[in-house]
Structure formats: C-alpha cells, structure tokens
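Structure data (mmCIF, C-alpha atoms) from query28.cif:
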data_data
#
loop_
_atom_site.group_PDB
_atom_site.id
_atom_site.type_symbol
_atom_site.label_atom_id
_atom_site.label_comp_id
_atom_site.auth_asym_id
_atom_site.auth_seq_id
_atom_site.Cartn_x
_atom_site.Cartn_y
_atom_site.Cartn_z
ATOM 1 C CA MET A 418 16.089 -68.817 -35.139
ATOM 2 C CA ASP A 419 13.880 -65.824 -35.812
ATOM 3 C CA SER A 420 12.378 -66.086 -32.346
ATOM 4 C CA GLU A 421 15.849 -66.114 -30.779
ATOM 5 C CA ILE A 422 16.819 -62.932 -32.657
ATOM 6 C CA ILE A 423 13.568 -61.224 -31.677
ATOM 7 C CA HIS A 424 14.023 -62.357 -28.081
ATOM 8 C CA ALA A 425 17.629 -61.070 -28.044
ATOM 9 C CA ALA A 426 16.572 -57.740 -29.603
ATOM 10 C CA CYS A 427 13.813 -57.312 -27.003
ATOM 11 C CA MET A 428 16.219 -58.163 -24.185
ATOM 12 C CA GLY A 429 18.720 -55.653 -25.580
ATOM 13 C CA ALA A 430 16.017 -52.982 -25.743
ATOM 14 C CA VAL A 431 14.912 -53.725 -22.165
ATOM 15 C CA ILE A 432 18.511 -53.550 -20.898
ATOM 16 C CA THR A 433 19.044 -50.272 -22.762
ATOM 17 C CA VAL A 434 15.881 -48.751 -21.247
ATOM 18 C CA ILE A 435 16.911 -49.905 -17.768
ATOM 19 C CA ALA A 436 20.433 -48.530 -18.245
ATOM 20 C CA ILE A 437 19.057 -45.156 -19.404
ATOM 21 C CA GLY A 438 16.620 -45.095 -16.462
ATOM 22 C CA VAL A 439 19.421 -45.797 -13.976
ATOM 23 C CA THR A 440 21.551 -43.067 -15.594
ATOM 24 C CA ILE A 441 18.717 -40.532 -15.355
ATOM 25 C CA ILE A 442 18.050 -41.452 -11.727
ATOM 26 C CA GLU A 443 21.747 -41.065 -10.867
ATOM 27 C CA GLN A 444 21.900 -37.681 -12.585
ATOM 28 C CA GLU A 445 18.842 -36.458 -10.651
ATOM 29 C CA ARG A 446 20.303 -37.746 -7.397
ATOM 30 C CA ASN A 447 23.585 -35.897 -7.973
ATOM 31 C CA ARG A 448 21.930 -32.721 -9.244
ATOM 32 C CA ILE A 449 22.495 -29.599 -7.147
ATOM 33 C CA TYR A 450 19.223 -27.895 -6.331
ATOM 34 C CA ILE A 451 18.973 -24.224 -5.540
ATOM 35 C CA LEU A 452 16.573 -23.901 -2.657
ATOM 36 C CA ARG A 453 13.779 -21.501 -3.256
ATOM 37 C CA GLU A 454 13.526 -18.747 -0.738
ATOM 38 C CA SER A 455 10.491 -19.194 1.428
ATOM 39 C CA ARG A 456 7.755 -16.700 0.874
ATOM 40 C CA ILE A 457 7.017 -14.225 3.594
ATOM 41 C CA ASN A 458 3.618 -13.334 4.841
ATOM 42 C CA VAL A 459 3.586 -9.634 3.971
ATOM 43 C CA ILE A 460 0.452 -8.894 5.966
ATOM 44 C CA ALA A 461 1.960 -10.406 9.115
ATOM 45 C CA GLN A 462 5.271 -8.607 8.500
ATOM 46 C CA ARG A 463 3.473 -5.281 8.036
ATOM 47 C CA GLU A 464 1.466 -5.743 11.257
ATOM 48 C CA PHE A 465 4.601 -6.820 13.113
ATOM 49 C CA TYR A 466 6.402 -3.648 11.982
ATOM 50 C CA ILE A 467 3.519 -1.387 13.022
ATOM 51 C CA ASP A 468 3.279 -3.156 16.391
ATOM 52 C CA SER A 469 7.034 -2.804 16.880
ATOM 53 C CA ILE A 470 6.701 0.952 16.414
ATOM 54 C CA LEU A 471 3.801 1.287 18.833
ATOM 55 C CA ASN A 472 4.734 -1.275 21.494
ATOM 56 C CA ARG A 473 8.484 -0.822 22.005
ATOM 57 C CA GLY A 474 7.956 2.151 24.258
ATOM 58 C CA ASP A 475 7.062 5.797 24.026
ATOM 59 C CA ARG A 476 10.613 6.899 23.233
ATOM 60 C CA HIS A 477 10.932 4.560 20.247
ATOM 61 C CA CYS A 478 7.514 5.595 18.978
ATOM 62 C CA VAL A 479 8.419 9.281 19.235
ATOM 63 C CA GLU A 480 11.660 8.597 17.351
ATOM 64 C CA GLN A 481 9.771 6.853 14.546
ATOM 65 C CA ILE A 482 6.573 8.880 14.104
ATOM 66 C CA ARG A 483 7.186 11.941 16.306
ATOM 67 C CA MET A 484 4.311 11.215 18.671
ATOM 68 C CA LYS A 485 3.402 8.852 21.478
ATOM 69 C CA PRO A 486 1.083 5.911 20.787
ATOM 70 C CA VAL A 487 -1.694 7.458 22.890
ATOM 71 C CA VAL A 488 -1.610 10.594 20.746
ATOM 72 C CA LEU A 489 -1.608 8.505 17.561
ATOM 73 C CA TYR A 490 -4.690 6.586 18.677
ATOM 74 C CA LYS A 491 -6.382 9.851 19.639
ATOM 75 C CA LEU A 492 -5.568 11.319 16.216
ATOM 76 C CA CYS A 493 -6.987 8.237 14.504
ATOM 77 C CA ASP A 494 -10.143 8.536 16.627
ATOM 78 C CA VAL A 495 -10.533 12.217 15.703
ATOM 79 C CA LEU A 496 -10.077 11.454 12.005
ATOM 80 C CA THR A 497 -12.646 8.673 12.233
ATOM 81 C CA SER A 498 -15.194 10.582 14.323
ATOM 82 C CA CYS A 499 -15.029 13.613 12.030
ATOM 83 C CA ASP A 500 -15.521 11.232 9.088
ATOM 84 C CA LEU A 501 -12.394 12.524 7.405
ATOM 85 C CA LEU A 502 -10.563 9.224 6.944
ATOM 86 C CA ARG A 503 -11.747 5.651 6.451
ATOM 87 C CA SER A 504 -10.105 2.275 6.455
ATOM 88 C CA THR A 505 -10.000 0.588 3.097
ATOM 89 C CA GLN A 506 -10.064 -3.107 2.335
ATOM 90 C CA ASN A 507 -6.276 -3.272 2.363
ATOM 91 C CA VAL A 508 -5.028 -0.341 4.472
ATOM 92 C CA SER A 509 -6.191 0.544 7.978
ATOM 93 C CA ILE A 510 -6.455 4.095 9.286
ATOM 94 C CA LYS A 511 -3.615 3.408 11.709
ATOM 95 C CA GLU A 512 -1.312 2.299 8.890
ATOM 96 C CA GLN A 513 -2.266 5.275 6.717
ATOM 97 C CA VAL A 514 -1.474 7.739 9.488
ATOM 98 C CA ILE A 515 1.778 6.002 10.506
ATOM 99 C CA VAL A 516 3.005 5.963 6.901
ATOM 100 C CA PHE A 517 2.189 9.670 6.598
ATOM 101 C CA LEU A 518 3.937 10.509 9.869
ATOM 102 C CA GLN A 519 7.046 8.525 8.944
ATOM 103 C CA ILE A 520 7.334 10.292 5.604
ATOM 104 C CA VAL A 521 6.846 13.722 7.146
ATOM 105 C CA GLY A 522 8.674 13.158 10.447
ATOM 106 C CA GLN A 523 11.634 11.130 9.185
ATOM 107 C CA ASN A 524 11.911 12.702 5.719
ATOM 108 C CA GLN A 525 11.617 9.210 4.255
ATOM 109 C CA ARG A 526 11.198 8.668 0.543
ATOM 110 C CA PHE A 527 8.174 6.855 -0.836
ATOM 111 C CA HIS A 528 10.433 4.134 -2.214
ATOM 112 C CA VAL A 529 11.903 3.375 1.238
ATOM 113 C CA ILE A 530 8.488 3.284 2.894
ATOM 114 C CA SER A 531 7.109 1.067 0.132
ATOM 115 C CA GLY A 532 9.852 -1.465 0.873
ATOM 116 C CA ILE A 533 9.170 -1.396 4.605
ATOM 117 C CA TYR A 534 5.415 -1.904 4.226
ATOM 118 C CA TYR A 535 5.562 -4.239 1.186
ATOM 119 C CA ARG A 536 3.397 -1.909 -0.872
ATOM 120 C CA SER A 537 3.889 -0.238 -4.227
ATOM 121 C CA VAL A 538 5.220 3.306 -4.437
ATOM 122 C CA GLU A 539 1.942 4.346 -6.048
ATOM 123 C CA THR A 540 -0.058 3.012 -3.087
ATOM 124 C CA ILE A 541 2.170 4.831 -0.589
ATOM 125 C CA HIS A 542 1.901 8.038 -2.613
ATOM 126 C CA CYS A 543 -1.877 7.739 -2.877
ATOM 127 C CA TYR A 544 -2.426 7.280 0.863
ATOM 128 C CA PHE A 545 0.105 9.987 1.707
ATOM 129 C CA ARG A 546 -1.899 12.466 -0.364
ATOM 130 C CA ILE A 547 -5.182 11.313 1.191
ATOM 131 C CA VAL A 548 -3.894 11.767 4.752
ATOM 132 C CA LEU A 549 -2.256 15.101 3.852
ATOM 133 C CA LYS A 550 -5.586 16.447 2.583
ATOM 134 C CA VAL A 551 -7.327 15.154 5.706
ATOM 135 C CA VAL A 552 -4.780 16.778 8.030
ATOM 136 C CA LEU A 553 -5.226 20.062 6.200
ATOM 137 C CA LYS A 554 -8.988 19.786 6.764
ATOM 138 C CA LEU A 555 -8.444 19.386 10.515
ATOM 139 C CA TYR A 556 -7.922 23.110 10.984
ATOM 140 C CA LYS A 557 -11.707 23.581 10.980
ATOM 141 C CA HIS A 558 -11.965 21.296 13.997
ATOM 142 C CA LEU A 559 -8.871 22.365 15.934
ATOM 143 C CA ILE A 560 -8.104 26.021 15.230
ATOM 144 C CA LYS A 561 -10.411 28.645 16.587
ATOM 145 C CA ASP A 562 -10.689 31.977 14.795
ATOM 146 C CA PRO A 563 -9.366 34.862 16.883
ATOM 147 C CA GLU A 564 -11.845 37.153 18.542
ATOM 148 C CA ASP A 565 -11.918 40.800 17.574
ATOM 149 C CA THR A 566 -11.671 41.988 21.169
ATOM 150 C CA VAL A 567 -8.452 42.164 23.163
ATOM 151 C CA PRO A 568 -8.646 41.021 26.820
ATOM 152 C CA ALA A 569 -8.504 43.850 29.374
ATOM 153 C CA GLU A 570 -5.348 42.555 31.107
ATOM 154 C CA ILE A 571 -3.466 42.778 27.806
ATOM 155 C CA MET A 572 -5.060 46.061 26.779
ATOM 156 C CA ASN A 573 -4.110 47.801 30.047
ATOM 157 C CA ASN A 574 -0.580 46.362 30.269
ATOM 158 C CA GLN A 575 2.123 48.680 28.865
ATOM 159 C CA ARG A 576 4.338 45.716 28.076
ATOM 160 C CA PHE A 577 1.986 44.574 25.312
ATOM 161 C CA TYR A 578 1.136 48.056 24.035
ATOM 162 C CA PRO A 579 3.280 48.015 20.865
ATOM 163 C CA TYR A 580 1.723 44.724 19.780
ATOM 164 C CA PHE A 581 -1.917 45.462 20.492
ATOM 165 C CA LYS A 582 -2.482 49.074 19.502
ATOM 166 C CA VAL A 583 -6.121 49.982 19.327
#

Once you've parsed the file, please lay out its structure as structure tokens.
Amino acid sequence: MDSEIIHAACMGAVITVIAIGVTIIEQERNRIYILRESRINVIAQREFYIDSILNRGDRHCVEQIRMKPVVLYKLCDVLTSCDLLRSTQNVSIKEQVIVFLQIVGQNQRFHVISGIYYRSVETIHCYFRIVLKVVLKLYKHLIKDPEDTVPAEIMNNQRFYPYFKV
C-alpha cells in the first residue's frame, strides 16, 4: 500500500508540473510583445544626409549651405593644403565644414544640428569652434594688404577725388 501512495503522489506531482508548464506556455503564447525599434546605422544616415545636400543639385546645396558643391570641395582643399584643418577619426573635413556652414548660413542651433548628424551638442560645438578659428585664419591666404600707392587712372579722375585725396 505504501508503494501505491508513493506512486499516486509522484503521478500527482508529474501532472501538476505538466499542468503548470502548459499554463506557462499558454501565457507566453498569448503575451503581447512590444516590438523593439530597429537600430539605425548612424554613420550611414550621416553620410546619406551629407550626400543628399551635395548631390541633389546646385540649387538645393546653395539653399542648405550657401555655396555650390564645387566651391565647398575647393574650400576643403584649401583648408587641407594650408594645413589648417584635418580629418579626425570620427569627423571628416567635409562634415566639419558643412556643419559650420549650416549653423552660420541657416542660423541653426547646435541642438538641431546634433540631431541631424547624430552627434552630441558638445561635439557639434567643438567642431564649430575649430572651423570658425580656421576660417578666421584664412585671411592671411586670401586677403591682400592694400598698396600705399593709388593707381594713376583713379588719381587723375575727378570723380574719385573726394575719396582718394593725396
């Protein structure tokens, strides 16, 4: 009789475990899952945005950064050749200059630009200051000091006399 009671108790325990397992499986099956939003590739998104500015046409580029793509590439070449600006591990020269031009040309806030480029506000601020200092250094390469002499055609023309008195 003891073996029958032990056998019945074991069978009851097995049935209870199976019943609990089936209940858990049913609850998991009927559970509503919230789908996780897929992660975006921020580097690809950033490059796509920069390419969309430069490759959608001259008019769109001028609206966004106030210059044509050819001029932007020329500016980047000048900054590189004069050794005023360098690419870093994370930010290219092109991106640095475009971010600067968007902030200056569109009167965009650092917070807005940081959202567009998936970068922190501190990073945007840092590179803005770097490019600003570099642009201010460009005057040595682009602006020529005026000569002390006045050309003869201006000197002898009465129309310019009030402005160029000697």

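Between CA of Cys499 (chain A) and CA of Asp468 (chain A) lies a distance of 25.2 Å.
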
How close does region 444-483 of chain A get to region 520-523 of chain A? List, as JSON lines, each residue of region 444-483 of chain A within 10 Å, its nearest atom pair and the distance in Å to one decimal, counting all atoms listed in the file.
{"residue": "A:Val479", "atom": "CA", "partner": "A:Gly522", "partner_atom": "CA", "distance": 9.6}
{"residue": "A:Glu480", "atom": "CA", "partner": "A:Gln523", "partner_atom": "CA", "distance": 8.5}
{"residue": "A:Gln481", "atom": "CA", "partner": "A:Gln523", "partner_atom": "CA", "distance": 7.1}
{"residue": "A:Ile482", "atom": "CA", "partner": "A:Gly522", "partner_atom": "CA", "distance": 6.0}
{"residue": "A:Arg483", "atom": "CA", "partner": "A:Gly522", "partner_atom": "CA", "distance": 6.2}

In Å, with one decimal, what is the gap from CA of His542 (chain A) to CA of Lys554 (chain A)?
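Atom-to-atom, CA of His542 (chain A) to CA of Lys554 (chain A), that is 18.6 Å.
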
Which region 432-518 of chain A residues have any atom within 12 Å of an atom of region 555-575 of chain A, and for each, what is the nearest pair of atoms with distance in Å to one decimal, counting only C-alpha atoms, rows sorted by chain and number, as CSV?
residue,atom,partner,partner_atom,distance
A:Leu492,CA,A:Leu555,CA,10.3
A:Cys493,CA,A:Leu555,CA,11.9
A:Val495,CA,A:Leu555,CA,9.1
A:Leu496,CA,A:Leu555,CA,8.2
A:Thr497,CA,A:Leu555,CA,11.6
A:Ser498,CA,A:His558,CA,11.2
A:Cys499,CA,A:His558,CA,8.5
A:Asp500,CA,A:Leu555,CA,10.9
A:Leu501,CA,A:Leu555,CA,8.5
A:Leu502,CA,A:Leu555,CA,11.0

Nearest residue to Glu464 (chain A) out of A:Lys511, A:Asn524, A:Ser420, A:Val551, using all atoms listed in the file?
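Distance minimum relative to Glu464 (chain A) lands on A:Lys511.
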
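The closest residue to Ser531 (chain A), picked from A:Lys485, A:Thr433, A:Val459, A:Thr505 and counting all atoms listed in the file, is A:Val459.
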
What is the CA of Arg546 (chain A) to CA of Gly474 (chain A) distance in Å?
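About the pair CA of Arg546 (chain A) and CA of Gly474 (chain A): they are 28.5 Å apart.
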